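Right, one structure below, let's go through it.
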Amino acid sequence: MAVAVLAAATVAGVVWQRRQGRLRPVARAVPAGSGGATLLLFTTPTCGNCHAVRAVSESVAAAVPGVEFQEIDATVEPDRARELNVWRAPTLFVLDAEGAPVWRATGVPRRDDLVAATRSAVCC
Amino acid sequence: MAADMRPLDPRGPRFAAGVTAVVLVLVLVTGSGWLALAQTLAFAVGSYDVRRQPYALLYRWLVQPRLGPPAELEDPAPVRFAQRVGFVFLAVATVGYLSGATAVGVTATALGLAAAFLNAAFGLCLGCEVYLLLARARTRRTA
């Protein structure tokens, strides 16, 4: 029994870990591309690694022109979370100049990946 | 008396989750309701003050002096929430084992073990992830 539980948890953990921080394109989004983007972070009061996502997002917002960083507590504004189908924190979105989501990631994204995704939402 | 909410060395909760996982394996192997009760009490202390959680004390006394200072600190609120989730599961498990409803005891302990193991091995705090699900479900009901 204990062995079965540990095996199942290991599989779940590996799947979870591989998805962590990976930026995925949001299906129907086409960047509006008028020179701006927003990094939108959903947090919760119990979120353990939100501070790490906040730090990397603020650093990217400072480095890429025309980008601003916003943070929403999903438990305070559940409607915004529902709108963007957020179930976990931290969930980070890269929004284009019109506020449409272009990329999303749960967990802590790598800075280089986030810079690339942010540039793709700003430019064109 | 207010709970201590100073930032934590994040390696402490990881260590505590590892000890918890070992204890829960022993509960499953022995089927001991009393051991489940002991773990429930450990969670109860952690639900109030994560610093006084018995495994956290063990970490501070035995492990931390051998390690360097932590690279970063962690907010205790998510850890405390996870201890509360653990408390609920193990309280159910204890009642199950001690009342003879062994299937209930085994199921609740297995769920607790999965969560503790994921925390110890991968740093995934299941209780923290579930928090948003619960918050969303609650607002949907009232909406």
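Letters for chains follow the order of the structure tokens (A, B, ...), residue numbers begin at 1 for each chain, and ligand numbers begin at 1 in the order shown.
Every protein, DNA or RNA residue with an atom at most 9 Å from Phe89 of chain B, where only C-alpha atoms count and chain neighbours fewer than 5 positions away do not, is listed here: Thr40, Arg84, Thr94, Ala108, Thr109, Leu111 and Gly112 of chain B.
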Selected residues written out with all heavy atoms, as an mmCIF file, in the first residue's frame:
```cif
data_model
loop_
_atom_site.group_PDB
_atom_site.id
_atom_site.type_symbol
_atom_site.label_atom_id
_atom_site.label_comp_id
_atom_site.auth_asym_id
_atom_site.auth_seq_id
_atom_site.Cartn_x
_atom_site.Cartn_y
_atom_site.Cartn_z
ATOM 1 N N THR B 40 -1.223 13.216 14.328
ATOM 2 C CA THR B 40 -2.288 14.224 14.364
ATOM 3 C C THR B 40 -1.937 15.337 15.346
ATOM 4 O O THR B 40 -2.122 16.522 15.059
ATOM 5 C CB THR B 40 -3.631 13.573 14.779
ATOM 6 O OG1 THR B 40 -3.873 12.455 13.928
ATOM 7 C CG2 THR B 40 -4.783 14.553 14.645
ATOM 8 N N ARG B 84 -2.536 22.418 8.684
ATOM 9 C CA ARG B 84 -3.970 22.277 9.003
ATOM 10 C C ARG B 84 -4.620 21.232 8.114
ATOM 11 O O ARG B 84 -5.449 20.440 8.573
ATOM 12 C CB ARG B 84 -4.677 23.621 8.842
ATOM 13 C CG ARG B 84 -4.303 24.544 9.970
ATOM 14 C CD ARG B 84 -4.939 25.904 9.882
ATOM 15 N NE ARG B 84 -4.446 26.688 11.013
ATOM 16 C CZ ARG B 84 -4.580 27.983 11.151
ATOM 17 N NH1 ARG B 84 -5.188 28.684 10.209
ATOM 18 N NH2 ARG B 84 -4.110 28.586 12.203
ATOM 19 N N THR B 94 -7.069 8.736 12.243
ATOM 20 C CA THR B 94 -7.014 8.253 13.625
ATOM 21 C C THR B 94 -8.365 7.691 14.060
ATOM 22 O O THR B 94 -8.444 6.584 14.604
ATOM 23 C CB THR B 94 -6.608 9.411 14.575
ATOM 24 O OG1 THR B 94 -5.348 9.922 14.141
ATOM 25 C CG2 THR B 94 -6.492 8.931 15.999
ATOM 26 N N ALA B 108 -7.273 7.767 4.372
ATOM 27 C CA ALA B 108 -6.869 9.104 4.816
ATOM 28 C C ALA B 108 -5.353 9.168 5.023
ATOM 29 O O ALA B 108 -4.709 10.159 4.673
ATOM 30 C CB ALA B 108 -7.604 9.480 6.103
ATOM 31 N N THR B 109 -4.774 8.093 5.559
ATOM 32 C CA THR B 109 -3.317 8.078 5.766
ATOM 33 C C THR B 109 -2.589 8.087 4.425
ATOM 34 O O THR B 109 -1.575 8.777 4.256
ATOM 35 C CB THR B 109 -2.901 6.835 6.578
ATOM 36 O OG1 THR B 109 -3.664 6.796 7.776
ATOM 37 C CG2 THR B 109 -1.426 6.879 6.935
ATOM 38 N N LEU B 111 -3.597 9.359 1.585
ATOM 39 C CA LEU B 111 -3.666 10.709 1.007
ATOM 40 C C LEU B 111 -2.666 11.639 1.700
ATOM 41 O O LEU B 111 -1.966 12.425 1.050
ATOM 42 C CB LEU B 111 -5.090 11.262 1.124
ATOM 43 C CG LEU B 111 -6.130 10.555 0.245
ATOM 44 C CD1 LEU B 111 -7.543 11.011 0.600
ATOM 45 C CD2 LEU B 111 -5.851 10.812 -1.233
ATOM 46 N N GLY B 112 -2.595 11.514 3.046
ATOM 47 C CA GLY B 112 -1.640 12.322 3.797
ATOM 48 C C GLY B 112 -0.207 11.998 3.397
ATOM 49 O O GLY B 112 0.632 12.898 3.240
#
```
Quiz item: Among chain A, which ones does DSSP place in alpha helix (DSSP H), written as a PyMOL selection string?
Solution: chain A and resi 2-19+50-63+78-83+111-122
Okay, now the selection with N, CA and C atoms, as a short mmCIF file (atom, residue, chain, number, x, y, z; two decimals), in the first residue's frame?
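Done, and the output landed in out24.cif:
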```
data_model
loop_
_atom_site.label_atom_id
_atom_site.label_comp_id
_atom_site.auth_asym_id
_atom_site.auth_seq_id
_atom_site.Cartn_x
_atom_site.Cartn_y
_atom_site.Cartn_z
N ALA A 2 1.80 1.29 1.00
CA ALA A 2 2.68 2.46 1.10
C ALA A 2 3.51 2.62 -0.18
N VAL A 3 3.96 1.47 -0.73
CA VAL A 3 4.77 1.51 -1.94
C VAL A 3 3.95 2.06 -3.11
N ALA A 4 2.70 1.62 -3.22
CA ALA A 4 1.82 2.09 -4.32
C ALA A 4 1.61 3.59 -4.21
N VAL A 5 1.38 4.06 -2.99
CA VAL A 5 1.16 5.51 -2.79
C VAL A 5 2.40 6.29 -3.20
N LEU A 6 3.57 5.81 -2.76
CA LEU A 6 4.81 6.54 -3.07
C LEU A 6 5.10 6.53 -4.57
N ALA A 7 4.79 5.40 -5.24
CA ALA A 7 5.02 5.33 -6.68
C ALA A 7 4.11 6.30 -7.41
N ALA A 8 2.82 6.31 -7.04
CA ALA A 8 1.87 7.22 -7.69
C ALA A 8 2.27 8.67 -7.44
N ALA A 9 2.70 8.97 -6.21
CA ALA A 9 3.08 10.34 -5.88
C ALA A 9 4.33 10.75 -6.66
N THR A 10 5.24 9.81 -6.88
CA THR A 10 6.45 10.13 -7.65
C THR A 10 6.09 10.50 -9.08
N VAL A 11 5.20 9.72 -9.70
CA VAL A 11 4.77 10.03 -11.06
C VAL A 11 4.12 11.42 -11.10
N ALA A 12 3.21 11.67 -10.15
CA ALA A 12 2.53 12.98 -10.10
C ALA A 12 3.55 14.10 -9.91
N GLY A 13 4.54 13.85 -9.05
CA GLY A 13 5.55 14.87 -8.75
C GLY A 13 6.41 15.19 -9.97
N VAL A 14 6.78 14.15 -10.72
CA VAL A 14 7.61 14.37 -11.91
C VAL A 14 6.84 15.17 -12.95
N VAL A 15 5.57 14.80 -13.17
CA VAL A 15 4.73 15.52 -14.13
C VAL A 15 4.61 16.99 -13.70
N TRP A 16 4.33 17.19 -12.42
CA TRP A 16 4.17 18.55 -11.88
C TRP A 16 5.45 19.35 -12.09
N GLN A 17 6.59 18.71 -11.76
CA GLN A 17 7.86 19.43 -11.82
C GLN A 17 8.21 19.82 -13.25
N ARG A 18 7.87 18.96 -14.21
CA ARG A 18 8.20 19.28 -15.60
C ARG A 18 7.37 20.44 -16.12
N ARG A 19 6.18 20.61 -15.57
CA ARG A 19 5.32 21.73 -16.01
C ARG A 19 5.66 23.04 -15.32
N CYS A 50 5.34 32.47 -4.69
CA CYS A 50 4.90 33.66 -5.42
C CYS A 50 5.96 34.77 -5.37
N HIS A 51 6.68 34.85 -4.25
CA HIS A 51 7.68 35.93 -4.13
C HIS A 51 8.77 35.77 -5.19
N ALA A 52 9.08 34.50 -5.54
CA ALA A 52 10.11 34.27 -6.55
C ALA A 52 9.62 34.71 -7.93
N VAL A 53 8.33 34.46 -8.23
CA VAL A 53 7.77 34.88 -9.52
C VAL A 53 7.68 36.40 -9.57
N ARG A 54 7.30 37.00 -8.44
CA ARG A 54 7.23 38.46 -8.35
C ARG A 54 8.60 39.06 -8.67
N ALA A 55 9.64 38.52 -8.07
CA ALA A 55 10.99 39.06 -8.25
C ALA A 55 11.42 38.97 -9.72
N VAL A 56 11.20 37.81 -10.36
CA VAL A 56 11.65 37.66 -11.75
C VAL A 56 10.79 38.54 -12.67
N SER A 57 9.49 38.67 -12.37
CA SER A 57 8.61 39.49 -13.20
C SER A 57 8.98 40.97 -13.11
N GLU A 58 9.25 41.42 -11.89
CA GLU A 58 9.62 42.82 -11.71
C GLU A 58 10.94 43.12 -12.42
N SER A 59 11.83 42.18 -12.38
CA SER A 59 13.11 42.37 -13.03
C SER A 59 12.94 42.41 -14.56
N VAL A 60 12.06 41.57 -15.11
CA VAL A 60 11.80 41.58 -16.56
C VAL A 60 11.06 42.85 -16.96
N ALA A 61 10.09 43.28 -16.13
CA ALA A 61 9.35 44.51 -16.43
C ALA A 61 10.28 45.72 -16.46
N ALA A 62 11.29 45.68 -15.60
CA ALA A 62 12.25 46.80 -15.56
C ALA A 62 13.19 46.75 -16.76
N ALA A 63 13.43 45.54 -17.28
CA ALA A 63 14.43 45.38 -18.35
C ALA A 63 13.84 45.58 -19.75
N PRO A 78 -11.74 36.70 -7.19
CA PRO A 78 -11.93 35.39 -7.84
C PRO A 78 -12.51 35.50 -9.25
N ASP A 79 -13.21 36.59 -9.54
CA ASP A 79 -13.78 36.75 -10.88
C ASP A 79 -12.69 36.87 -11.94
N ARG A 80 -11.63 37.61 -11.59
CA ARG A 80 -10.51 37.72 -12.54
C ARG A 80 -9.86 36.35 -12.75
N ALA A 81 -9.73 35.59 -11.65
CA ALA A 81 -9.14 34.25 -11.73
C ALA A 81 -10.00 33.34 -12.61
N ARG A 82 -11.30 33.45 -12.46
CA ARG A 82 -12.23 32.62 -13.23
C ARG A 82 -12.16 32.98 -14.71
N GLU A 83 -12.13 34.28 -14.97
CA GLU A 83 -12.05 34.80 -16.34
C GLU A 83 -10.87 34.17 -17.10
N ARG A 111 14.14 33.31 -16.09
CA ARG A 111 14.14 34.72 -16.51
C ARG A 111 14.27 34.84 -18.03
N ASP A 112 15.19 34.08 -18.62
CA ASP A 112 15.41 34.16 -20.07
C ASP A 112 14.14 33.82 -20.85
N ASP A 113 13.44 32.78 -20.39
CA ASP A 113 12.20 32.36 -21.06
C ASP A 113 11.16 33.48 -20.98
N LEU A 114 11.09 34.11 -19.79
CA LEU A 114 10.09 35.15 -19.60
C LEU A 114 10.42 36.39 -20.44
N VAL A 115 11.70 36.71 -20.53
CA VAL A 115 12.11 37.85 -21.38
C VAL A 115 11.69 37.57 -22.82
N ALA A 116 11.97 36.37 -23.31
CA ALA A 116 11.64 36.02 -24.70
C ALA A 116 10.13 36.10 -24.94
N ALA A 117 9.36 35.53 -24.00
CA ALA A 117 7.90 35.55 -24.15
C ALA A 117 7.37 36.98 -24.11
N THR A 118 7.94 37.79 -23.22
CA THR A 118 7.48 39.18 -23.07
C THR A 118 7.80 39.98 -24.34
N ARG A 119 9.01 39.77 -24.88
CA ARG A 119 9.37 40.47 -26.11
C ARG A 119 8.43 40.09 -27.25
N SER A 120 8.07 38.80 -27.31
CA SER A 120 7.18 38.35 -28.40
C SER A 120 5.80 38.99 -28.26
N ALA A 121 5.38 39.31 -27.02
CA ALA A 121 4.08 39.95 -26.83
C ALA A 121 4.15 41.45 -27.11
N VAL A 122 5.31 42.03 -26.89
CA VAL A 122 5.46 43.49 -27.10
C VAL A 122 5.61 43.81 -28.58
#
```
Contact check, chain B to chain A, at most 8 Å, counting only C-alpha atoms, closest pairs as a tab-separated table:
```
residue	atom	partner	partner_atom	distance
B:Val25	CA	A:Ala2	CA	5.8
B:Leu28	CA	A:Ala2	CA	6.3
B:Val29	CA	A:Ala2	CA	7.3
B:Glu74	CA	A:Gly48	CA	7.1
B:Asp75	CA	A:Gly48	CA	7.0
B:Ala77	CA	A:Thr46	CA	5.8
B:Pro78	CA	A:Thr46	CA	3.9
B:Val79	CA	A:Thr46	CA	7.7
B:Phe81	CA	A:Thr46	CA	7.0
B:Ala110	CA	A:Val5	CA	6.4
B:Leu113	CA	A:Val5	CA	7.4
B:Ala114	CA	A:Ala9	CA	5.5
B:Ala115	CA	A:Ala9	CA	7.9
B:Phe117	CA	A:Ala9	CA	7.1
B:Leu118	CA	A:Gly13	CA	6.1
B:Phe122	CA	A:Gly13	CA	6.2
B:Leu124	CA	A:Gly13	CA	7.5
B:Cys125	CA	A:Gly48	CA	7.8
B:Cys128	CA	A:Thr46	CA	5.5
B:Glu129	CA	A:Arg88	CA	5.6
B:Val130	CA	A:Arg88	CA	7.6
B:Tyr131	CA	A:Thr46	CA	7.1
B:Leu132	CA	A:Arg88	CA	6.1
B:Leu133	CA	A:Trp87	CA	6.0
B:Ala135	CA	A:Thr75	CA	5.8
B:Arg136	CA	A:Pro78	CA	6.1
B:Thr139	CA	A:Pro78	CA	7.3
```
Output the selection as a compact mmCIF listing (two decimals), in the first residue's frame - N, CA, C and O atoms for each residue.
```txt
# COMPACT_ATOMS: atom_id res chain seq x y z
N VAL B 25 4.28 6.19 6.54
CA VAL B 25 4.57 4.85 6.03
C VAL B 25 4.44 3.84 7.17
O VAL B 25 3.82 2.78 7.02
N LEU B 28 0.84 3.12 7.92
CA LEU B 28 0.24 2.21 6.94
C LEU B 28 0.71 0.78 7.17
O LEU B 28 -0.07 -0.18 7.07
N VAL B 29 2.01 0.62 7.49
CA VAL B 29 2.57 -0.73 7.64
C VAL B 29 2.04 -1.39 8.91
O VAL B 29 1.65 -2.55 8.90
N GLU B 74 11.11 32.00 4.01
CA GLU B 74 9.79 31.66 3.50
C GLU B 74 8.73 32.16 4.47
O GLU B 74 8.93 32.15 5.68
N ASP B 75 7.58 32.55 3.90
CA ASP B 75 6.44 32.98 4.70
C ASP B 75 5.84 31.76 5.42
O ASP B 75 5.60 30.74 4.78
N ALA B 77 2.84 31.35 6.56
CA ALA B 77 1.39 31.15 6.39
C ALA B 77 1.05 29.91 5.54
O ALA B 77 0.21 29.11 5.94
N PRO B 78 1.70 29.71 4.37
CA PRO B 78 1.38 28.51 3.58
C PRO B 78 1.73 27.23 4.33
O PRO B 78 0.99 26.24 4.24
N VAL B 79 2.82 27.26 5.07
CA VAL B 79 3.24 26.07 5.80
C VAL B 79 2.22 25.73 6.87
O VAL B 79 1.84 24.57 7.06
N PHE B 81 -0.92 26.55 6.83
CA PHE B 81 -2.13 26.05 6.16
C PHE B 81 -1.97 24.57 5.82
O PHE B 81 -2.88 23.77 6.03
N ALA B 110 -3.11 7.33 3.45
CA ALA B 110 -2.48 7.26 2.13
C ALA B 110 -2.48 8.64 1.47
O ALA B 110 -1.48 9.05 0.87
N LEU B 113 0.07 10.71 3.19
CA LEU B 113 1.42 10.28 2.80
C LEU B 113 1.78 10.86 1.42
O LEU B 113 2.89 11.36 1.23
N ALA B 114 0.84 10.78 0.48
CA ALA B 114 1.11 11.31 -0.86
C ALA B 114 1.48 12.79 -0.77
O ALA B 114 2.46 13.24 -1.38
N ALA B 115 0.71 13.55 0.01
CA ALA B 115 0.96 14.99 0.14
C ALA B 115 2.30 15.26 0.81
O ALA B 115 3.09 16.10 0.35
N PHE B 117 4.92 13.29 0.99
CA PHE B 117 6.01 12.84 0.13
C PHE B 117 6.27 13.85 -1.00
O PHE B 117 7.42 14.17 -1.30
N LEU B 118 5.18 14.34 -1.62
CA LEU B 118 5.34 15.34 -2.69
C LEU B 118 6.04 16.58 -2.16
O LEU B 118 6.87 17.18 -2.84
N PHE B 122 9.62 16.85 -3.80
CA PHE B 122 9.53 17.76 -4.94
C PHE B 122 9.32 19.22 -4.52
O PHE B 122 9.30 20.10 -5.38
N LEU B 124 6.55 20.34 -3.58
CA LEU B 124 5.18 20.69 -3.97
C LEU B 124 4.29 20.70 -2.74
O LEU B 124 4.12 19.69 -2.08
N CYS B 125 3.74 21.87 -2.42
CA CYS B 125 2.86 22.00 -1.27
C CYS B 125 1.42 21.85 -1.75
O CYS B 125 0.83 22.79 -2.27
N CYS B 128 -1.22 24.07 -0.29
CA CYS B 128 -1.19 25.45 -0.82
C CYS B 128 -1.89 25.53 -2.17
O CYS B 128 -2.57 26.50 -2.49
N GLU B 129 -1.74 24.48 -2.99
CA GLU B 129 -2.35 24.48 -4.32
C GLU B 129 -3.87 24.37 -4.21
O GLU B 129 -4.61 24.96 -4.99
N VAL B 130 -4.31 23.59 -3.23
CA VAL B 130 -5.74 23.36 -3.07
C VAL B 130 -6.45 24.62 -2.55
O VAL B 130 -7.63 24.82 -2.80
N TYR B 131 -5.69 25.48 -1.89
CA TYR B 131 -6.27 26.68 -1.27
C TYR B 131 -7.08 27.51 -2.26
O TYR B 131 -8.19 27.93 -1.97
N LEU B 132 -6.53 27.71 -3.47
CA LEU B 132 -7.23 28.53 -4.46
C LEU B 132 -8.48 27.82 -4.98
O LEU B 132 -9.52 28.44 -5.19
N LEU B 133 -8.38 26.50 -5.15
CA LEU B 133 -9.55 25.72 -5.55
C LEU B 133 -10.69 25.93 -4.56
O LEU B 133 -11.83 26.18 -4.94
N ALA B 135 -11.05 28.40 -2.39
CA ALA B 135 -11.51 29.80 -2.39
C ALA B 135 -12.45 30.05 -3.57
O ALA B 135 -13.47 30.72 -3.43
N ARG B 136 -12.12 29.48 -4.74
CA ARG B 136 -12.97 29.67 -5.91
C ARG B 136 -14.30 28.97 -5.74
O ARG B 136 -15.35 29.50 -6.10
N THR B 139 -16.61 31.03 -3.45
CA THR B 139 -17.24 32.23 -4.02
C THR B 139 -18.28 31.85 -5.07
O THR B 139 -19.24 32.56 -5.25
```
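Ranking A:Val64, A:Arg24, A:Asn85, A:Gly99 by their shortest atom-to-atom distance to Thr38 of chain A, with only C-alpha atoms included, puts A:Gly99 first.
Proximity of B:Met5, B:Val19, B:Ala91, B:Leu98 to Gly31 of chain B, computed with only C-alpha atoms, is greatest for B:Leu98.
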